[in-house]
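See structure below.
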Amino acid sequence: MRFLPTDEQRDFARSLDAMLSAAGTPAVARAWAAGEPGPGRALWARLADAGVFALAAPEAYEGVGPLPVELAHAMVESGRHAVPGPLVETVAATALLAELAGRGEEGPAKRLLPGLVGGGTVASLAMTEVSPYALDADTADLLLVVDGEELRLAPGHGELLVSADPVRRPARPAPGGELLAAGPAVASAAATARRWALLATAAQALGVGLALLDRTVEYAKQRTQFGVPIGSFQAVKHRLADALIGLEFARPLVFGAALTFESGDLAAAKAAAGEAAYAAAGTALRTHGAVGYTEELDLSLWLRKARPLRDAWGGPAWCRGEVIAAAAAAAGR
């Protein structure tokens, strides 16, 4: 199994890194949290032009996929740069509609996929089996709800909930709405969409953890106590080393899961990346001290993402249960 990225994959990741670095994503994220989606929508269009939303869609619907490894690279960069918006949900919605088309339900895909792939449509997705809430439902153009074997287009949403991360804006979809598809194909497509969501969330969490570690290392080099950088203290070195080890253990799990796309591997990657990012957030906060709590510091944009991403689309306990179930199934074969 190949774990090293190809030259094309490296170039893709570098191009996204350069684009997002130039885009000033912290300011975009702050505007999104304040209910001003304009800069975020402009950035969304640039991500679409770079091909990010085409990665989970087949060529028949203007996509280039399915390319889960390339998607993992894109989501790592979105996490590293704190890109706002329902990226994971749009990817999952794209995979859901594409899988439905492959199972004979082509109507919703023909109608909705071109907008998702082209970036003109921002989608959010709620699966009642996973969570009753949809992320950024107030900003999304398309709000899909999977309830058992039914896929509906929700007519709107209820009140926005308070989140640990103000850039993430969950809301409960309004009941009813247009029925797009029904039957066993919906449940099967939803399972596929959740696998894409697990991969995208794991990769995004990995990117958040890497950003937290990078910023904390730079701070430890600059902040001085007793006339020396705090990064020279053994206790600080150990904390940073532990954070690095956690992230570097998670990295091959994420990209390995992108290669196999097996449910057990994806759950293991999600658990490892989510826990590593959350641990990196704790290290960042302790190393920065009181200044780490301030919203004015851009670090808060990443600190507040770690916990929600750890729990989104399946928390650590659920992920470990999936890993155990997959191992038991493999042993029984």
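Residues in the structure tokens are numbered from 1 in each chain, the chains being A, B, ... in the order shown, and ligands are numbered from 1 in the order shown.
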
Mind checking which residues fall within 8 Å of A:Arg320, counting only C-alpha atoms, ignoring those fewer than 6 positions away in the same chain, and posting them as a list in words?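 Within the cut-off, the hits are Ala267, Ala268 and Ala271 of chain A.
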
So which bits of stretch 56-230 of chain A end up strand (DSSP E or B) when you DSSP the backbone, as an NGL selection string? :A and (58 or 65 or 123-127 or 134-135 or 142-147 or 150-153 or 157-160 or 170-173 or 178-182 or 224-225 or 228-229)

Can you tell me, as a list of chain:residue names, what residues are no more than 12 Å from A:Asp298 when counting only C-alpha atoms, ignoring any on the same chain fewer than 2 positions away? A:Gly24, A:Thr25, A:Pro26, A:Ala27, A:Val28, A:Ala29, A:Arg30, A:His81, A:Ala82, A:Ala211, A:Leu212, A:Arg215, A:Thr216, A:Val291, A:Gly292, A:Tyr293, A:Thr294, A:Glu295, A:Glu296, A:Ser300, A:Leu301, A:Trp302, A:Leu303, A:Arg304

Gap from atom CA of A:Ala23 to atom CA of A:Asp49 - Å, one decimal: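 Between atom CA of A:Ala23 and atom CA of A:Asp49 the gap works out to 14.2 Å.
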
To one decimal in Å, tell me the separation between atom CA of A:Ser263 and atom CA of A:Pro108.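 Between atom CA of A:Ser263 and atom CA of A:Pro108 the gap works out to 25.5 Å.
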